[in-house]
$ cat work00.txt   # compact mmCIF, C-alpha atoms
# COMPACT_ATOMS: atom_id res chain seq x y z
CA MET M 30 117.39 -26.71 26.43
CA ILE M 31 117.62 -23.90 23.86
CA ALA M 32 121.04 -23.06 25.29
CA LEU M 33 122.15 -26.61 24.40
CA VAL M 34 121.08 -26.05 20.79
CA PHE M 35 123.30 -22.96 20.60
CA PHE M 36 126.19 -24.83 22.26
CA ALA M 37 125.75 -27.67 19.74
CA LEU M 38 125.77 -25.23 16.81
CA GLY M 39 128.85 -23.51 18.26
CA GLY M 40 130.51 -26.90 18.73
CA MET M 41 129.85 -27.77 15.09
CA GLU M 42 131.45 -24.49 14.00
CA ILE M 43 134.49 -25.23 16.18
CA ALA M 44 134.71 -28.78 14.78
CA GLU M 45 134.57 -27.49 11.20
CA ALA M 46 137.13 -24.71 11.81
CA PRO M 47 140.27 -26.78 10.99
CA LEU M 48 138.82 -28.25 7.76
CA PRO M 49 140.54 -25.75 5.40
CA LEU M 50 143.87 -27.04 6.72
CA VAL M 51 143.26 -30.76 7.28
CA ALA M 52 140.54 -31.69 4.76
CA PRO M 53 139.63 -28.80 2.45
CA ARG M 54 137.47 -31.02 0.22
CA LEU M 55 135.17 -31.68 3.21
CA ILE M 56 134.31 -28.03 3.75
CA ALA M 57 130.54 -27.51 4.12
CA PRO M 58 130.08 -31.22 4.86
CA GLY M 59 126.95 -33.21 4.16
CA TRP M 60 125.92 -36.85 4.21
CA ASP M 61 125.03 -38.80 1.07
CA ARG M 62 123.42 -42.24 1.56
CA ASP M 63 125.47 -43.86 -1.18
CA ARG M 64 128.70 -41.88 -1.16
CA GLY M 65 128.99 -41.17 2.59
CA LEU M 66 130.52 -37.96 3.92
CA LEU M 67 130.88 -35.32 1.23
CA GLY M 68 132.02 -31.71 1.23
CA GLU M 69 130.98 -28.83 -0.95
CA PRO M 70 133.70 -26.18 -0.81
CA GLN M 71 132.03 -24.36 -3.71
CA ALA M 72 129.53 -23.14 -1.09
CA LEU M 73 132.20 -20.64 0.00
CA LEU M 74 132.15 -18.89 -3.37
CA PRO M 75 130.04 -16.01 -4.63
CA GLU M 76 127.06 -17.04 -6.72
CA ALA M 77 128.64 -15.99 -10.03
CA ALA M 78 131.70 -18.19 -9.37
CA ARG M 79 129.54 -21.15 -8.32
CA PHE M 80 127.51 -20.96 -11.53
CA ARG M 81 130.71 -20.82 -13.56
CA LEU M 82 132.21 -23.88 -11.84
CA ALA M 83 128.95 -25.82 -12.07
CA THR M 84 129.32 -25.90 -15.88
CA ASP M 85 133.08 -26.40 -15.91
CA ALA M 86 134.24 -29.83 -14.68
CA ALA M 87 137.90 -29.07 -15.38
CA GLY M 88 137.62 -25.77 -13.52
CA THR M 89 136.02 -27.54 -10.54
CA ALA M 90 138.88 -30.09 -10.45
CA LYS M 91 141.45 -27.25 -10.59
CA PHE M 92 139.58 -25.46 -7.80
CA LEU M 93 139.63 -28.55 -5.57
CA SER M 94 143.34 -29.06 -6.28
CA ARG M 95 144.09 -25.42 -5.44
CA LEU M 96 142.37 -25.83 -2.07
CA GLU M 97 144.92 -28.54 -1.24
CA GLU M 98 148.06 -26.53 -2.00
CA PRO M 99 149.97 -25.99 1.29
CA GLY M 100 150.14 -22.18 1.02
CA VAL M 101 146.46 -21.94 0.15
CA ARG M 102 145.54 -24.27 3.03
CA ALA M 103 147.33 -22.03 5.56
CA GLY M 104 145.93 -18.78 4.17
CA HIS M 105 142.48 -20.31 3.86
CA LEU M 106 142.60 -21.49 7.48
CA LEU M 107 143.65 -18.06 8.71
CA LEU M 108 140.91 -16.23 6.80
CA SER M 109 138.31 -18.83 7.78
CA LEU M 110 139.25 -18.45 11.46
CA LEU M 111 138.90 -14.67 11.14
CA ILE M 112 135.43 -15.18 9.62
CA ASP M 113 134.26 -17.99 11.89
CA GLY M 114 135.68 -16.61 15.17
CA PRO M 115 132.86 -14.08 15.69
CA VAL M 116 130.31 -16.69 14.60
CA ILE M 117 131.57 -19.07 17.30
CA VAL M 118 131.38 -16.22 19.85
CA ILE M 119 127.81 -15.46 18.69
CA LEU M 120 126.60 -19.07 18.97
CA CYS M 121 128.40 -19.98 22.21
CA GLY M 122 127.62 -16.51 23.63
CA MET M 123 123.90 -17.04 23.01
CA GLY M 124 124.17 -20.41 24.76
CA MET M 125 125.99 -18.85 27.71
CA ALA M 126 123.51 -15.94 27.88
CA LEU M 127 120.56 -18.32 28.03
CA TRP M 128 122.25 -20.69 30.46
CA ARG M 129 123.52 -17.99 32.85
CA SER M 130 120.29 -15.97 32.88
CA THR M 131 118.02 -18.95 33.59
CA ARG M 132 119.92 -20.26 36.63
CA ASP M 133 118.27 -19.97 40.04
CA VAL M 134 120.96 -17.73 41.56
CA PRO M 135 121.12 -14.04 42.52
CA ASP M 136 121.95 -11.65 39.65
CA ALA M 137 121.41 -14.40 37.06
CA VAL M 138 119.91 -11.98 34.54
CA GLU M 139 122.82 -9.57 34.92
CA ALA M 140 125.26 -12.45 34.31
CA GLY M 141 123.36 -13.46 31.17
CA LEU M 142 123.25 -9.88 29.88
CA ARG M 143 127.04 -9.67 29.89
CA TRP M 144 127.12 -12.57 27.41
CA LEU M 145 124.33 -11.05 25.35
CA MET M 146 126.37 -7.86 25.12
CA ALA M 147 129.34 -9.92 23.85
CA VAL M 148 127.03 -11.50 21.25
CA GLY M 149 125.94 -8.04 20.08
CA TRP M 150 129.53 -6.87 19.65
CA ALA M 151 130.48 -10.14 17.91
CA CYS M 152 127.63 -9.45 15.43
CA VAL M 153 129.07 -5.99 14.79
CA VAL M 154 132.57 -7.44 14.25
CA PHE M 155 131.23 -10.18 11.96
CA ALA M 156 129.06 -7.82 9.91
CA THR M 157 131.84 -5.29 9.39
CA THR M 158 134.73 -7.69 8.74
CA PHE M 159 133.00 -10.48 6.83
CA PRO M 160 132.93 -8.73 3.42
CA LEU M 161 136.68 -8.04 3.69
CA PHE M 162 137.81 -11.49 4.84
CA ASP M 163 135.35 -13.32 2.61
CA GLY M 164 136.46 -11.23 -0.36
CA LEU M 165 140.13 -12.00 0.36
CA ARG M 166 139.33 -15.71 0.78
CA THR M 167 137.46 -15.85 -2.51
CA VAL M 168 140.41 -14.36 -4.38
CA LEU M 169 142.85 -16.67 -2.58
CA ILE M 170 141.03 -19.89 -3.43
CA LEU M 171 140.03 -18.88 -6.97
CA LYS M 172 143.33 -17.43 -8.17
CA GLY M 173 144.29 -19.10 -11.44
CA ILE M 174 140.94 -20.89 -11.74
CA MET M 175 139.00 -18.00 -13.26
CA PRO M 176 139.52 -14.25 -13.72
CA THR M 177 139.24 -12.57 -10.31
CA PRO M 178 139.81 -9.05 -9.00
CA ARG M 179 143.38 -8.53 -7.76
CA TYR M 180 142.74 -8.47 -3.99
CA LEU M 181 139.07 -8.65 -3.12
CA TRP M 182 136.02 -10.29 -4.72
CA TYR M 183 133.13 -8.44 -3.16
CA ASP M 184 129.69 -9.95 -3.67
CA PRO M 185 126.94 -7.27 -3.35
CA ALA M 186 124.60 -9.94 -1.89
CA THR M 187 127.03 -10.21 1.04
CA GLY M 188 126.67 -6.48 1.63
CA GLY M 189 122.90 -6.81 2.00
CA ALA M 190 123.23 -9.67 4.48
CA THR M 191 125.78 -7.82 6.57
CA TYR M 192 123.56 -4.72 6.65
CA ILE M 193 120.74 -6.84 8.10
CA LEU M 194 123.15 -8.37 10.59
CA LEU M 195 124.25 -4.90 11.67
CA LEU M 196 120.61 -4.03 12.33
CA VAL M 197 120.22 -7.24 14.36
CA ALA M 198 123.37 -6.35 16.31
CA ALA M 199 122.03 -2.85 16.99
CA GLY M 200 118.79 -4.41 18.24
CA ILE M 201 120.62 -6.83 20.53
CA LEU M 202 122.86 -4.10 21.95
CA ALA M 203 119.96 -1.67 22.42
CA ALA M 204 117.89 -4.33 24.18
CA THR M 205 120.84 -5.29 26.39
CA TRP M 206 121.54 -1.69 27.39
CA THR M 207 117.86 -1.05 28.06
CA ILE M 208 117.48 -4.14 30.26
CA SER M 209 120.75 -3.34 32.08
CA ALA M 210 119.58 0.23 32.76
CA GLY M 211 116.20 -1.08 33.94
CA LEU M 212 117.83 -3.57 36.32
CA LYS M 213 120.14 -0.88 37.71
CA ALA M 214 117.21 1.50 38.21
CA ARG M 215 115.26 -1.27 39.93
CA ALA M 216 118.22 -2.02 42.21
CA ASP M 217 118.51 1.67 43.07
CA MET M 218 114.77 1.95 43.72
CA ALA M 219 114.94 -1.08 46.01
CA GLU M 220 117.12 0.99 48.34
CA ILE M 221 114.54 3.77 48.55
CA VAL M 222 111.88 3.11 51.17
CA MET Q 13 126.41 10.23 56.94
CA PRO Q 14 125.50 13.91 57.45
CA VAL Q 15 121.74 13.28 57.33
CA VAL Q 16 120.83 11.56 60.56
CA VAL Q 17 117.59 9.62 60.92
CA ASN Q 18 116.02 10.17 64.34
CA LEU Q 19 113.14 7.81 63.77
CA ASP Q 20 114.08 5.58 66.68
CA VAL Q 21 114.01 8.61 68.98
CA MET Q 22 110.51 9.55 67.79
CA LEU Q 23 109.32 5.97 68.14
CA ALA Q 24 110.55 5.95 71.73
CA ARG Q 25 108.93 9.31 72.47
CA ARG Q 26 105.59 8.21 71.07
CA LYS Q 27 105.95 4.74 72.59
CA VAL Q 28 105.23 3.10 69.25
CA ARG Q 29 106.89 -0.17 68.28
CA SER Q 30 108.63 -0.54 64.92
CA LYS Q 31 106.33 -3.38 63.97
CA GLU Q 32 103.21 -1.29 64.59
CA LEU Q 33 104.53 1.65 62.57
CA ALA Q 34 105.65 -0.61 59.70
CA GLU Q 35 102.17 -2.11 59.51
CA ALA Q 36 100.51 1.29 59.77
CA ILE Q 37 102.48 2.91 56.95
CA GLY Q 38 102.60 -0.19 54.76
CA ILE Q 39 106.33 -1.00 54.55
CA THR Q 40 108.17 -4.07 55.74
CA GLU Q 41 109.80 -4.19 59.14
CA SER Q 42 113.15 -4.83 57.54
CA ASN Q 43 112.83 -1.67 55.42
CA LEU Q 44 111.83 0.32 58.49
CA SER Q 45 114.85 -1.10 60.29
CA LEU Q 46 117.08 -0.03 57.38
CA LEU Q 47 115.52 3.42 57.49
CA LYS Q 48 116.11 3.71 61.24
CA SER Q 49 119.77 2.82 60.77
CA GLY Q 50 120.15 5.24 57.84
CA LYS Q 51 121.20 2.44 55.50
CA VAL Q 52 118.95 3.46 52.61
CA LYS Q 53 119.68 5.56 49.54
CA GLY Q 54 116.52 7.59 49.87
CA VAL Q 55 113.11 8.00 51.45
CA ARG Q 56 109.89 8.71 49.54
CA PHE Q 57 107.95 11.83 50.54
CA ALA Q 58 104.93 9.54 50.92
CA THR Q 59 106.80 7.43 53.48
CA ILE Q 60 107.86 10.51 55.47
CA ALA Q 61 104.32 11.87 55.32
CA ALA Q 62 102.87 8.58 56.58
CA ILE Q 63 105.38 8.39 59.43
CA CYS Q 64 104.65 12.03 60.40
CA TYR Q 65 100.92 11.29 60.31
CA HIS Q 66 101.17 8.26 62.58
CA LEU Q 67 103.79 9.69 64.97
CA GLN Q 68 102.20 13.18 64.93
CA CYS Q 69 105.46 14.91 64.18
CA GLU Q 70 107.21 17.00 61.51
CA PRO Q 71 109.81 15.81 58.97
CA GLY Q 72 112.40 17.81 60.91
CA ASP Q 73 111.72 15.62 63.95
CA LEU Q 74 112.74 12.58 61.92
CA LEU Q 75 115.74 13.92 60.01
CA ALA Q 76 118.65 16.08 61.11
CA TYR Q 77 121.65 17.40 59.19
CA GLU Q 78 125.25 17.43 60.41
CA ARG Q 79 127.28 19.95 58.45
CA SER Q 80 130.05 18.45 56.33
CA ASP Q 81 132.36 19.88 53.64
CA ASP Q 82 131.78 16.69 51.66
CA ASP Q 83 128.33 18.06 50.84
CA ARG Q 84 129.59 21.12 48.95
CA ARG Q 85 128.60 19.31 45.74
CA GLY Q 86 125.77 16.84 45.41
CA THR Q 87 126.46 13.54 43.65
CA ASP Q 88 124.32 10.83 42.14
CA ASP Q 89 126.06 8.08 44.11
$ encode --input "work00.txt" --output "structure tokens"
Amino acid sequence: MIALVFFALGGMEIAEAPLPLVAPRLIAPGWDRDRGLLGEPQALLPEAARFRLATDAAGTAKFLSRLEEPGVRAGHLLLSLLIDGPVIVILCGMGMALWRSTRDVPDAVEAGLRWLMAVGWACVVFATTFPLFDGLRTVLILKGIMPTPRYLWYDPATGGATYILLLVAAGILAATWTISAGLKARADMAEIV
Amino acid sequence: MPVVVNLDVMLARRKVRSKELAEAIGITESNLSLLKSGKVKGVRFATIAAICYHLQCEPGDLLAYERSDDDRRGTDD
């Protein structure tokens, strides 16, 4: 059951992946009772940029138009895929780990641990690459809208989040290695009478 | 395998059945069968001691070594 939740979340990430190319205004979609399906691409921006756009209607319109330029769409898609790829691996990997390890078959736990290990490494990849790709994306979609650094807009808040994620990844990997070693030791002990 | 398990020989000499010994020393018959055939990675000292106690023998009566150059270095596997 919990595995299905992770698969559903992973599926949503996969479904949203092409939005920068096909419907950039629907990025970060939500449902409004009166206006229907709405996006909020500003959610991709650092807090300082969001505040600035919130008080600048013309700037917001220019931002939304920039998202729809063909070159920006392609670059935005590429960077978003690089950011979201590990997230999809994390969510679907958690689903697979839970599903494989709870089946009533021999070596089910070992099969689930392999996926958990992949989740741990995907966390490491996400935590280490997110600031770079997110910084590049921010500059790409804000160029000409407001003053930005030349290549990378690094938000210190992102650094804090990625540090926590690295700790989580270390925890997942350590737990996976410990359980794997325990299972191997148990298997070895089973052959000692 | 250079270490040969002679448990079946001792069982025959003492006229004890595998089932009786397994019950007496507290391991399963299948594990005792694996031990007799040498298909185990190791034997606990406690198991050897219990077998020696019940069969009134020495560890050397149960295990024998056939010299092999493969044993020049021990391995974990």
$ interface_residues --input "work00.txt" --of "chain M" --to "chain Q" --cutoff "6 Å" --atoms "only C-alpha atoms" --output "list of chain:residue names"
M:Glu220, M:Ile221, M:Val222
$ write_last_selection --input "work00.txt" --atoms "C-alpha atoms" --output "PDB file, keeping the file's coordinate frame"
ATOM      1  CA  GLU M 220     117.120   0.990  48.340  1.00  0.00           C
ATOM      2  CA  ILE M 221     114.540   3.770  48.550  1.00  0.00           C
ATOM      3  CA  VAL M 222     111.880   3.110  51.170  1.00  0.00           C
TER       4      VAL M 222
END
$ residues_around --input "work00.txt" --residues "Val17 (chain Q)" --least-positions-apart "6" --cutoff "7 Å" --atoms "only C-alpha atoms" --output "NGL selection string"
:Q and (48 or 50 or 74-76)
$ atom_distance --input "work00.txt" --atom1 "CA of Ala137 (chain M)" --atom2 "CA of Trp206 (chain M)"
16.0 Å
$ residues_around --input "work00.txt" --residues "region 48-51 of chain M" --least-positions-apart "5" --cutoff "7 Å" --atoms "all atoms listed in the file" --output "list of chain:residue names"
M:Ile56, M:Arg102, M:Ala103, M:His105, M:Leu106
$ atom_distance --input "work00.txt" --atom1 "CA of Leu194 (chain M)" --atom2 "CA of Thr157 (chain M)"
9.3 Å
$ atom_distance --input "work00.txt" --atom1 "CA of Gly122 (chain M)" --atom2 "CA of Ala147 (chain M)"
6.8 Å
